[in-house]
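Peer 1: This structure is in structure tokens; I'll ask about it shortly.
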Amino acid sequence: MKPAPFTYHRPRGLDEALEVLAALGEAGKVLAGGQSLVPLMSMRLSAPAHLVDVNHVPGLATVHVDEHVVRIGALARHSQVEHDAAAYDALPLLRQALRHVAHPTIRNRGTTVGSLVHGDPAAELPAVLLLLDGSVTLRSAERAREVEAASFFIGPMETALRPGELAVAATFRRPATGSGTAFVEVTRRHGDYAVCGVGAVVGASSARVALLGVGPGPVLVDLPDAVRDEPLDDERVHALVEEAIDPEADIHASADYRRHLAHVLVRRALAEAHHRAPGRAA
Amino acid sequence: MSVDLVRVSFTVNGSPYDLELDPRRLLSDALRHDLRLTGTHVGCEHGVCGACTILVDDAPMRSCLIFAVSLDGAAITTTEGLQSSDGGMGPVQRAFHECHALQCGFCTPGFVTTVTAYLRDHPSPSPEDAREAIAGNLCRCTGYQNIVAAVQRAADLVTEGATGACVAPGTEEPT
Amino acid sequence: MTTKMFGERVPRVEDARLVTGNGRFLDDLGHDALEAGFVRSPQAHARIVDIDVTDALDVDGLVAIYTHEDLEGRMGERLPLLIPHPTLTHGRTPYALAKEEVNHVGEAVVMVVATSRYVAEDICDRVRVSYEALPAVVGVEAARAAAHLVHDDVPGNVAAVMVQRTGDADAAVDAAPHRLELDLAIERSASTPLEGKGVLARWDADDRSLLVHTSTQTSTSVRQAIAAKLDLPVDRVEVVTPDVGGGFGVKIVHPWPEEVLVPWAARRLGRPVKWTEDRREHFVSSAHERGQLHEVRVGYDDDGRLLGLSVRFWHDNGAYVPYGLIVPIITSTQLLGPYKPGVYRVEFTSLYTNTVIVTPYRGAGRPQGCFVMERVMDAIAADLGLDRTVVRERNFIRPDEMPYDQGLVFQDGRQLVYDSGDFPASLAKLKALVGWDDFEALREQARGEGRRVGIGLACYVEGTGVGPYEGGHIRVETDGTVVVSTGLTSQGQGHQTMLAQIVADELGVPFERIQVTTGDTRRFKYAVGTFASRTAVMSGSAVALTARTVRQKALSIAAQALEADVEDLEVVDGLVQVKGSGGGSTARIELGTVAVLSNPLRYAFDEAAARATQFAAPADPDTPPVGPGESPGLEGTDYYSPARSTFANGMHAVVVETDPDTAEITILRYCVVHDCGTLVNPMIVEGQIHGGVAQGVGGALYERMEYAPDGQLVNASFMDFLMPYATEVPTIEIDHLVTPSPLNPLGVKGAGEAGVIPGSAAIASAIEDAEGITITSMPISPSQLFELRRAREGRP
């Protein structure tokens, strides 16, 4: 289990990184945290000819918070985001979700943006980006573009990132004031990929959930009827979720079990998010 | 096929190294076979078992999931670097010994590094915290119970002048 | 004074080197060695049509590529069938490198030697092997149906059929007032030590000798196997076991293909060669265990007492049977546990499949047997409306019936005779520990909180300390250091500590002065290996006997020097002294000095030696310096060889909670009562139990080898083969019962495997109790529990 040979590039600045990526095109692969890429390379399931190591590019390990968004730079490690007090105050859902991402040791190296770019359908962060109407900032030597979450995730392990591009940041929109959030999962072992997971945002006049493990990618379900100050219409929620998901069986769970979990976890996530919404009657 | 070697400088356990490496060399292999620091073990090479856990600038990371050349300028610590100043067992290592928290010892260096970093931020963990702290490392021998005890014992030993002994849960003296 | 060491919680001497990174495991050695890699079959069953290495030849760092055609002489023949048995009528073993046909994914086809493992893998990628696919036989049912054959010359895929009976069990069942029939299944798991296998071989062309390091559970037998395969005199081969990162059974198998190929290549190339198994290789080319289907018929009286028990089971032995029938033989005999079965008949069929070979994994067939018997006990209790502990108690062998002959032949070819045990006392302890009689109140309380809990238990008896023998060698050096060796190996059980404790007491020397070496054929040539929870019994007894011999020799030499009678002397704290002198007498002599005196010398190479030279030591000039029957040096060798195995036993109780919504299963309490005879080091015994229980929990709730119908192992990684982390293993509460074995000088029985045996049985019992759903197959996942709930509710 040793990686195949590759040519290594260690740009020391963003422009240099983008130039190298532009020159390499399809042959270039970005290395940030590497927590998903390196095992694939060691199993020789991935063998890029060129690896562009952006770990020495300054200015990318950022967590920016303002009144509308939390913006995560390409080199912000999961643990940095998880423990960022301002980010937590602004958007508790990030920490709620990040705590389900593997184990702390992996989060010390793995990057939040890298997880989005990897596009694993069982991963937590794509669901969160979708849930919060987030976007990914893609830079190439020629231009920058902002891609909304809904169009960024194309399929399993497939995103809108093009050859020559670097995902320099991800922007998570803060939900309306007064919203509550939650992220719940069922995993086989602590820290494993979720058999099923649900992130929820419950606001004054809206609620939505994003599910993982029940489709080829994260599944977003808007629940306009499920408002904060009234009891949720369980049957309506069930119907909306049922319509949106299409789980498959694998070695860990049957499709029906996943479907069942989706409904259980949606209920739990909504209840928890509802409970956390500020100003809610005790 | 010729290999373009890449230069990388970092410190390991305080000693500086300036190396020229095949860029695909995993940090675990560089430590073990280039620097001959074989205390860091390789149990799965896909980042799940935690035996290869080392500290990079004091944060635990999997050395099998990092290319050595990527750590230019970093300060790396392995279990060899966590001995006491006289070359004996450091406090976390001693806690593992006192609590019988190792059997074959293959996974142990990864636990020692993980626990060392954890205790810096959490100086007095509860048994539940201690269990959670080691939950990213696999051990096939101990059933973890004595490792949980060792985390708490280590917390005591890190504090100067600790006395007493390891208290393992769930055991009874033979009748 | 000497502190008694036997029975004490002595911290381990192994730890200091291991925690500081100074252990030496296989891949920590041989930095100068070439490295081997293997092209392994991606197909479960296929004929090899062609092997094309053209693309691989221009890789820098290539040293050699070998296929079966390169293997001359015995190397080209099949690997040995290690444990033949008369009923193993169709035993088949693999070649070191596949010849013409592959029979499981992962079978080695091509060996590559290169300057590094990285390069070796580059080369493996470029070797093109063409296969002609054959139908794969996967799983017991496919093997039994035999629509296709694994081996053309093995009809029905049947390697062996074995029957044992104590009478006409089916007639006894038919005549019984109550009868039940059960179908029970256990799936595959595996030992999965954190360190895989590994071999390092150095050929000394001048000395024409081979030095091999291998991560094994039996260095002495690997040595014999290598010598036989390489056609070398045995005395030209030495095998050393370095620190071993866990074994749990998989490393008792030998020689693994790599264990002969690496030495063979080292000799051929005249350079050191090393192979370090990686995790993926370990999944597909080592060994698995546990996969069996069982059909049970049982008859019993109104009180739940067994009258007849008839068991048929089908054992999936994988593609080859190098380790013989040990696993199913153990299931078939140890299934009986602490019970009297009435009339018993057992028949097993061992079947070939196109999957990884099956060899003992900690517990070795006992977890399956325990699962079967304990499911039977629970089923009887349910049928008669009796408490589950009552049914067990009524079927126990009573203490006054010991030794108890079950009337069967065990895995060692000897009668299955339990030496000791007090099962009612163990059960009483377990009930007290877990609070069995108070559980209904807890259940009610939980129910009131909307929670679902259940309690279960399982009992087992474990044959431990099987023969044929182990030996020990002890030498006292002139500085008083006591050097102990035994031939069997260590994989983390703390043998250096445990054996030193025994020697300290038996020889009368400080624990700190004792150095123990295991598994090094340069030090001890005769041994069997580390398996079957046998080290404390076998090597423990052997070093105890050896220590007594050496002590006697020391006393007789000291008696001459002190001009005292041997009967009046004792050895205390490394000093030979007159009994009862309390160390106050000047008439005493250090054991190191006795060692000096034991070796009359001509040359004074150090200070100690000077005291033993011919002009220094006054001696009778008319008697030979070394008398008839004597030998120089204060040392001795002795062996322990028992007529039969010892039998340890234990009982586990488990409390589980099952989530009514998600079907997640949580273990709330795990209680163990354990009887392994006298305990040399309770701390180490408890550690063994902890580790065993964790593997039992893994086998019950998490681990399964998932084969696709085409023979691909689809979860061959730690991502998908779910070994428990700390968060999946409960706190384990232990109580001991000590019924010493009458069979050996120490009264010990062995403890290595105990913890794992009743895991699936006890947890199944608890889940069944929580859910009210009969559990017939383990392991069980939340998804499977969910499906069982749906089936009960009659939904599709």
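In the structure tokens, each chain is lettered A, B, ... as it comes, each chain's residues begin at 1, and ligands are numbered from 1 in order of appearance.
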Select residues of chain C: the criterion is any atom within 7 Å of an atom of chain B, counting only C-alpha atoms; output as a ChimeraX atom specification.

Peer 2: /C:11,15-16,18-22,28,31,59-60,193-195,244-246,278-279,491-494,687,690-691,693-694,718-719,725-727,729,731-737

Peer 1: How about saving the chosen residues, N, CA and C atoms kept, as a compact mmCIF listing (two decimals), in the first residue's frame?

Peer 2:
```txt
# COMPACT_ATOMS: atom_id res chain seq x y z
N PRO C 11 3.99 -5.31 37.57
CA PRO C 11 4.03 -4.58 36.30
C PRO C 11 5.00 -5.24 35.31
N ASP C 15 7.22 -3.49 29.12
CA ASP C 15 6.61 -2.21 28.77
C ASP C 15 7.61 -1.10 28.44
N ALA C 16 8.68 -1.02 29.22
CA ALA C 16 9.57 0.14 29.07
C ALA C 16 10.04 0.29 27.63
N LEU C 18 8.59 -0.93 24.96
CA LEU C 18 7.50 -0.78 24.01
C LEU C 18 6.90 0.62 24.02
N VAL C 19 6.76 1.22 25.20
CA VAL C 19 6.12 2.54 25.24
C VAL C 19 7.04 3.64 24.75
N THR C 20 8.34 3.41 24.83
CA THR C 20 9.29 4.46 24.42
C THR C 20 9.68 4.36 22.96
N GLY C 21 9.12 3.39 22.27
CA GLY C 21 9.47 3.24 20.85
C GLY C 21 10.69 2.38 20.63
N ASN C 22 11.10 1.65 21.65
CA ASN C 22 12.31 0.83 21.52
C ASN C 22 12.03 -0.65 21.37
N ASP C 28 10.80 -3.21 11.88
CA ASP C 28 11.80 -2.31 12.47
C ASP C 28 13.21 -2.83 12.20
N HIS C 31 16.82 -2.73 7.75
CA HIS C 31 16.76 -1.52 6.92
C HIS C 31 17.60 -1.68 5.65
N VAL C 59 11.81 -1.22 -14.86
CA VAL C 59 11.64 -0.40 -13.65
C VAL C 59 12.95 -0.37 -12.87
N ASP C 60 13.42 0.84 -12.60
CA ASP C 60 14.63 0.98 -11.78
C ASP C 60 14.38 0.38 -10.41
N PRO C 193 -4.57 -8.91 13.95
CA PRO C 193 -3.60 -8.19 14.79
C PRO C 193 -3.24 -6.86 14.13
N LEU C 194 -2.87 -5.88 14.96
CA LEU C 194 -2.52 -4.56 14.39
C LEU C 194 -1.27 -4.63 13.53
N GLU C 195 -0.38 -5.56 13.87
CA GLU C 195 0.76 -5.80 13.00
C GLU C 195 0.45 -7.01 12.13
N VAL C 244 6.22 -9.08 18.55
CA VAL C 244 5.14 -9.41 17.61
C VAL C 244 3.91 -8.58 17.98
N GLY C 245 3.37 -7.91 16.98
CA GLY C 245 2.25 -6.99 17.22
C GLY C 245 0.91 -7.67 17.20
N GLY C 246 0.78 -8.68 18.03
CA GLY C 246 -0.48 -9.42 18.12
C GLY C 246 -0.49 -10.61 17.19
N ASP C 278 1.05 -5.84 4.18
CA ASP C 278 0.26 -4.63 4.43
C ASP C 278 -1.18 -5.04 4.76
N ARG C 279 -1.97 -4.06 5.15
CA ARG C 279 -3.30 -4.36 5.69
C ARG C 279 -4.19 -5.04 4.64
N GLN C 491 3.29 -12.71 21.88
CA GLN C 491 2.64 -11.69 21.03
C GLN C 491 1.97 -10.64 21.89
N GLY C 492 2.52 -10.40 23.07
CA GLY C 492 1.94 -9.35 23.90
C GLY C 492 1.33 -9.85 25.19
N GLN C 493 1.45 -11.16 25.45
CA GLN C 493 0.82 -11.72 26.65
C GLN C 493 1.62 -11.48 27.92
N GLY C 494 2.78 -10.85 27.81
CA GLY C 494 3.57 -10.60 29.02
C GLY C 494 4.31 -11.82 29.51
N GLY C 687 -6.16 -8.41 31.83
CA GLY C 687 -5.89 -7.80 30.53
C GLY C 687 -6.26 -8.73 29.39
N HIS C 690 -10.04 -8.70 29.17
CA HIS C 690 -10.51 -7.46 28.53
C HIS C 690 -10.38 -7.54 27.01
N GLY C 691 -9.21 -7.95 26.57
CA GLY C 691 -8.97 -8.00 25.13
C GLY C 691 -9.86 -9.02 24.45
N VAL C 693 -12.82 -10.04 25.51
CA VAL C 693 -14.20 -9.53 25.50
C VAL C 693 -14.38 -8.53 24.36
N ALA C 694 -13.38 -7.66 24.17
CA ALA C 694 -13.48 -6.68 23.08
C ALA C 694 -13.62 -7.39 21.74
N PHE C 718 -9.93 -1.29 7.08
CA PHE C 718 -10.41 -0.92 8.41
C PHE C 718 -11.55 0.11 8.33
N MET C 719 -11.80 0.65 7.13
CA MET C 719 -12.96 1.51 6.97
C MET C 719 -14.25 0.70 7.08
N TYR C 725 -13.64 0.40 18.31
CA TYR C 725 -12.82 1.41 19.00
C TYR C 725 -13.20 1.40 20.49
N ALA C 726 -12.56 2.25 21.26
CA ALA C 726 -12.84 2.33 22.69
C ALA C 726 -14.31 2.63 22.95
N THR C 727 -14.90 3.39 22.06
CA THR C 727 -16.30 3.80 22.24
C THR C 727 -17.28 2.66 22.00
N VAL C 729 -16.56 -0.55 23.11
CA VAL C 729 -16.30 -1.62 24.08
C VAL C 729 -16.74 -1.14 25.46
N THR C 731 -17.20 -1.08 29.67
CA THR C 731 -16.39 -1.39 30.85
C THR C 731 -16.69 -2.84 31.25
N ILE C 732 -15.64 -3.56 31.56
CA ILE C 732 -15.77 -4.99 31.84
C ILE C 732 -15.56 -5.22 33.33
N GLU C 733 -16.54 -5.83 33.97
CA GLU C 733 -16.45 -6.12 35.40
C GLU C 733 -16.08 -7.59 35.58
N ILE C 734 -15.04 -7.84 36.37
CA ILE C 734 -14.50 -9.20 36.46
C ILE C 734 -14.51 -9.69 37.90
N ASP C 735 -14.91 -10.94 38.07
CA ASP C 735 -14.70 -11.63 39.33
C ASP C 735 -14.05 -12.97 39.00
N HIS C 736 -13.18 -13.41 39.90
CA HIS C 736 -12.47 -14.68 39.65
C HIS C 736 -12.96 -15.77 40.58
N LEU C 737 -12.96 -16.99 40.07
CA LEU C 737 -13.09 -18.15 40.94
C LEU C 737 -11.82 -18.96 40.67
```

Peer 1: Excluding range 138-145 of chain A and residues on its chain fewer than 6 positions from it, collect all residues at most 12 Å away from it, counting only C-alpha atoms, and give them as a short mmCIF file (atom, residue, chain, number, x, y, z; two decimals) with C-alpha atoms, in the first residue's frame.

Peer 2:
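Saved as around15.cif:
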```cif
data_model
loop_
_atom_site.label_atom_id
_atom_site.label_comp_id
_atom_site.auth_asym_id
_atom_site.auth_seq_id
_atom_site.Cartn_x
_atom_site.Cartn_y
_atom_site.Cartn_z
CA LEU A 14 -1.50 31.54 -4.58
CA ASP A 15 -0.53 32.92 -7.98
CA GLU A 16 2.22 30.37 -8.30
CA ALA A 17 -0.19 27.60 -7.32
CA LEU A 18 -2.70 28.72 -9.93
CA GLU A 19 0.00 28.96 -12.59
CA VAL A 20 1.19 25.45 -11.84
CA LEU A 21 -2.37 24.14 -11.93
CA ALA A 22 -3.03 25.93 -15.19
CA ALA A 23 0.07 24.44 -16.75
CA LEU A 24 -0.77 20.93 -15.56
CA GLY A 25 -4.46 20.95 -16.49
CA GLY A 73 -10.30 29.31 3.51
CA ALA A 74 -8.83 26.38 1.61
CA VAL A 113 -12.90 22.94 1.78
CA LEU A 116 -16.35 19.66 -0.06
CA VAL A 117 -14.20 19.22 -3.12
CA PHE A 152 -21.34 22.28 -7.10
CA THR A 159 -18.00 18.30 -8.27
CA ALA A 160 -18.01 21.33 -10.55
CA LEU A 161 -14.29 21.90 -9.98
CA ARG A 162 -12.51 22.03 -13.33
CA PRO A 163 -8.92 21.15 -14.17
CA GLY A 164 -6.70 24.11 -13.39
CA GLU A 165 -8.98 25.37 -10.64
CA LEU A 166 -8.34 25.63 -6.93
CA ALA A 167 -11.18 25.83 -4.44
CA VAL A 168 -9.92 28.73 -2.36
CA ALA A 169 -12.86 29.14 -0.01
CA ALA A 170 -16.29 27.93 0.96
CA THR A 171 -19.00 30.30 2.11
#
```

Peer 1: Set out as a Markdown table a contact list for chain C and chain A with a cut-off of 10 Å, giving each residue of chain C that qualifies its closest atom pair and distance in Å to one decimal, counting only C-alpha atoms, ordered by chain and rising residue number.

Peer 2:
```
| residue | atom | partner | partner_atom | distance |
| --- | --- | --- | --- | --- |
| C:Arg117 | CA | A:Lys2 | CA | 7.5 |
| C:Tyr118 | CA | A:Lys2 | CA | 5.5 |
| C:Val119 | CA | A:Ala4 | CA | 8.7 |
| C:Ala120 | CA | A:Lys2 | CA | 9.4 |
| C:Glu121 | CA | A:Lys2 | CA | 7.1 |
| C:Asp122 | CA | A:Ala4 | CA | 6.6 |
| C:Asp125 | CA | A:Arg44 | CA | 9.3 |
| C:Glu277 | CA | A:Met1 | CA | 9.4 |
| C:Asp278 | CA | A:Met1 | CA | 6.4 |
| C:Arg279 | CA | A:Met1 | CA | 7.9 |
| C:Arg280 | CA | A:Met1 | CA | 7.5 |
| C:Glu281 | CA | A:Met1 | CA | 8.9 |
| C:Asp661 | CA | A:Val264 | CA | 6.7 |
| C:Thr662 | CA | A:Leu261 | CA | 6.2 |
| C:Ala663 | CA | A:Leu261 | CA | 9.3 |
| C:Glu664 | CA | A:Val186 | CA | 8.3 |
| C:Leu701 | CA | A:Arg188 | CA | 9.3 |
| C:Tyr702 | CA | A:Arg188 | CA | 7.6 |
| C:Arg704 | CA | A:Ile251 | CA | 9.7 |
| C:Met705 | CA | A:Ile251 | CA | 10.0 |
| C:Glu706 | CA | A:Ile251 | CA | 7.2 |
| C:Tyr707 | CA | A:Ile251 | CA | 9.7 |
| C:Ala708 | CA | A:Ile251 | CA | 9.9 |
| C:Val714 | CA | A:Ile251 | CA | 8.3 |
| C:Asn715 | CA | A:Ile251 | CA | 8.1 |
| C:Met719 | CA | A:Asp192 | CA | 7.6 |
| C:Asp720 | CA | A:His252 | CA | 8.3 |
| C:Phe721 | CA | A:Ile251 | CA | 9.9 |
| C:Leu722 | CA | A:Arg189 | CA | 7.3 |
| C:Met723 | CA | A:Arg189 | CA | 8.6 |
| C:Pro724 | CA | A:Arg189 | CA | 7.1 |
| C:Tyr725 | CA | A:Arg189 | CA | 7.3 |
| C:Ala726 | CA | A:His190 | CA | 8.9 |
| C:Thr727 | CA | A:His190 | CA | 6.4 |
| C:Glu728 | CA | A:Arg189 | CA | 6.7 |
| C:Ser781 | CA | A:His252 | CA | 7.7 |
| C:Pro782 | CA | A:Ala253 | CA | 7.9 |
| C:Ser783 | CA | A:Ala253 | CA | 5.1 |
| C:Gln784 | CA | A:Ala253 | CA | 7.7 |
| C:Leu785 | CA | A:Tyr257 | CA | 9.5 |
| C:Phe786 | CA | A:Tyr257 | CA | 6.6 |
| C:Glu787 | CA | A:Tyr257 | CA | 7.5 |
```

Peer 1: Which of range 504-604 of chain C counts as alpha helix (DSSP H) under DSSP, as a PyMOL selection string please?

Peer 2: chain C and resi 535-562+591-597

Peer 1: Using only C-alpha atoms, which chain A residues lie at most 10 Å away from chain B, written as number ranges by chain?

Peer 2: A: 1-10, 31-43, 51, 53-56, 102-110, 189-192

Peer 1: Pro126 in chain A: which residues within 7 Å, counting only C-alpha atoms, same-chain residues fewer than 4 positions away excluded, as a ChimeraX atom specification?

Peer 2: /A:116,119,130,218

Peer 1: Separation of CA of His254 in chain C and CA of Pro322 in chain C, in Å?

Peer 2: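 Computed distance, CA of His254 in chain C to CA of Pro322 in chain C, equals 8.3 Å.
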
Peer 1: Residues near Gly435 in chain C, anyone? I mean within 10 Å using only C-alpha atoms, not counting same-chain ones fewer than 5 positions away, as number ranges by chain.

Peer 2: C: 429-430, 440, 442, 653, 671

Peer 1: Please save C-alpha atoms of the selected residues as a short mmCIF file (atom, residue, chain, number, x, y, z; two decimals), in the first residue's frame.

Peer 2:
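What landed in part_28.cif:
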```
data_model
loop_
_atom_site.label_atom_id
_atom_site.label_comp_id
_atom_site.auth_asym_id
_atom_site.auth_seq_id
_atom_site.Cartn_x
_atom_site.Cartn_y
_atom_site.Cartn_z
CA LYS C 429 -20.86 -15.31 41.54
CA LEU C 430 -22.04 -14.13 38.15
CA GLU C 440 -36.83 -7.21 36.32
CA LEU C 442 -34.52 -2.38 36.15
CA ALA C 653 -23.54 -11.76 31.67
CA CYS C 671 -19.75 -8.97 33.66
#
```

Peer 1: I'd like the interatomic distance between CA of Ala127 in chain A and CA of Pro278 in chain A, to a tenth of an Å.

Peer 2: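 A separation of 23.1 Å between them.
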
Peer 1: Would you list the contacts of Lys431 in chain C as number ranges by chain, taking every protein, DNA or RNA residue within 12 Å and counting only C-alpha atoms, but skipping same-chain residues closer than 2 positions in sequence?

Peer 2: C: 388-390, 393, 424-429, 433-439, 455-458, 651-654, 671-673, 735

Peer 1: Taking C-alpha atoms for each residue, export the selection above as a tab-separated table (two decimals), in the first residue's frame.

Peer 2:
```
chain	number	residue	atom	x	y	z
C	388	ARG	CA	-32.39	-19.13	32.04
C	389	THR	CA	-29.98	-19.60	34.92
C	390	VAL	CA	-32.11	-22.39	36.37
C	393	GLU	CA	-27.78	-24.94	36.72
C	424	PRO	CA	-22.58	-23.72	40.35
C	425	ALA	CA	-20.22	-21.49	42.33
C	426	SER	CA	-19.24	-19.58	39.19
C	427	LEU	CA	-22.87	-19.03	38.28
C	428	ALA	CA	-23.68	-17.82	41.78
C	429	LYS	CA	-20.86	-15.31	41.54
C	433	LEU	CA	-22.03	-9.56	40.10
C	434	VAL	CA	-24.59	-8.61	37.45
C	435	GLY	CA	-27.57	-8.50	39.82
C	436	TRP	CA	-29.48	-11.12	37.87
C	437	ASP	CA	-32.31	-11.46	40.35
C	438	ASP	CA	-32.94	-7.71	40.46
C	439	PHE	CA	-33.06	-7.19	36.76
C	455	ILE	CA	-30.02	-9.27	30.03
C	456	GLY	CA	-28.29	-12.39	28.82
C	457	LEU	CA	-25.66	-14.84	29.86
C	458	ALA	CA	-23.45	-17.56	28.47
C	651	MET	CA	-19.52	-17.25	32.52
C	652	HIS	CA	-20.44	-13.86	31.11
C	653	ALA	CA	-23.54	-11.76	31.67
C	654	VAL	CA	-24.48	-8.80	29.52
C	671	CYS	CA	-19.75	-8.97	33.66
C	672	VAL	CA	-17.28	-11.83	33.70
C	673	VAL	CA	-16.68	-14.63	36.15
C	735	ASP	CA	-14.70	-11.63	39.33
```

Peer 1: Could you find all residues in range 624-681 of chain C that DSSP calls strand (DSSP E) from the backbone, and write them as a PyMOL selection string?

Peer 2: chain C and resi 634-640+646-658+665-675
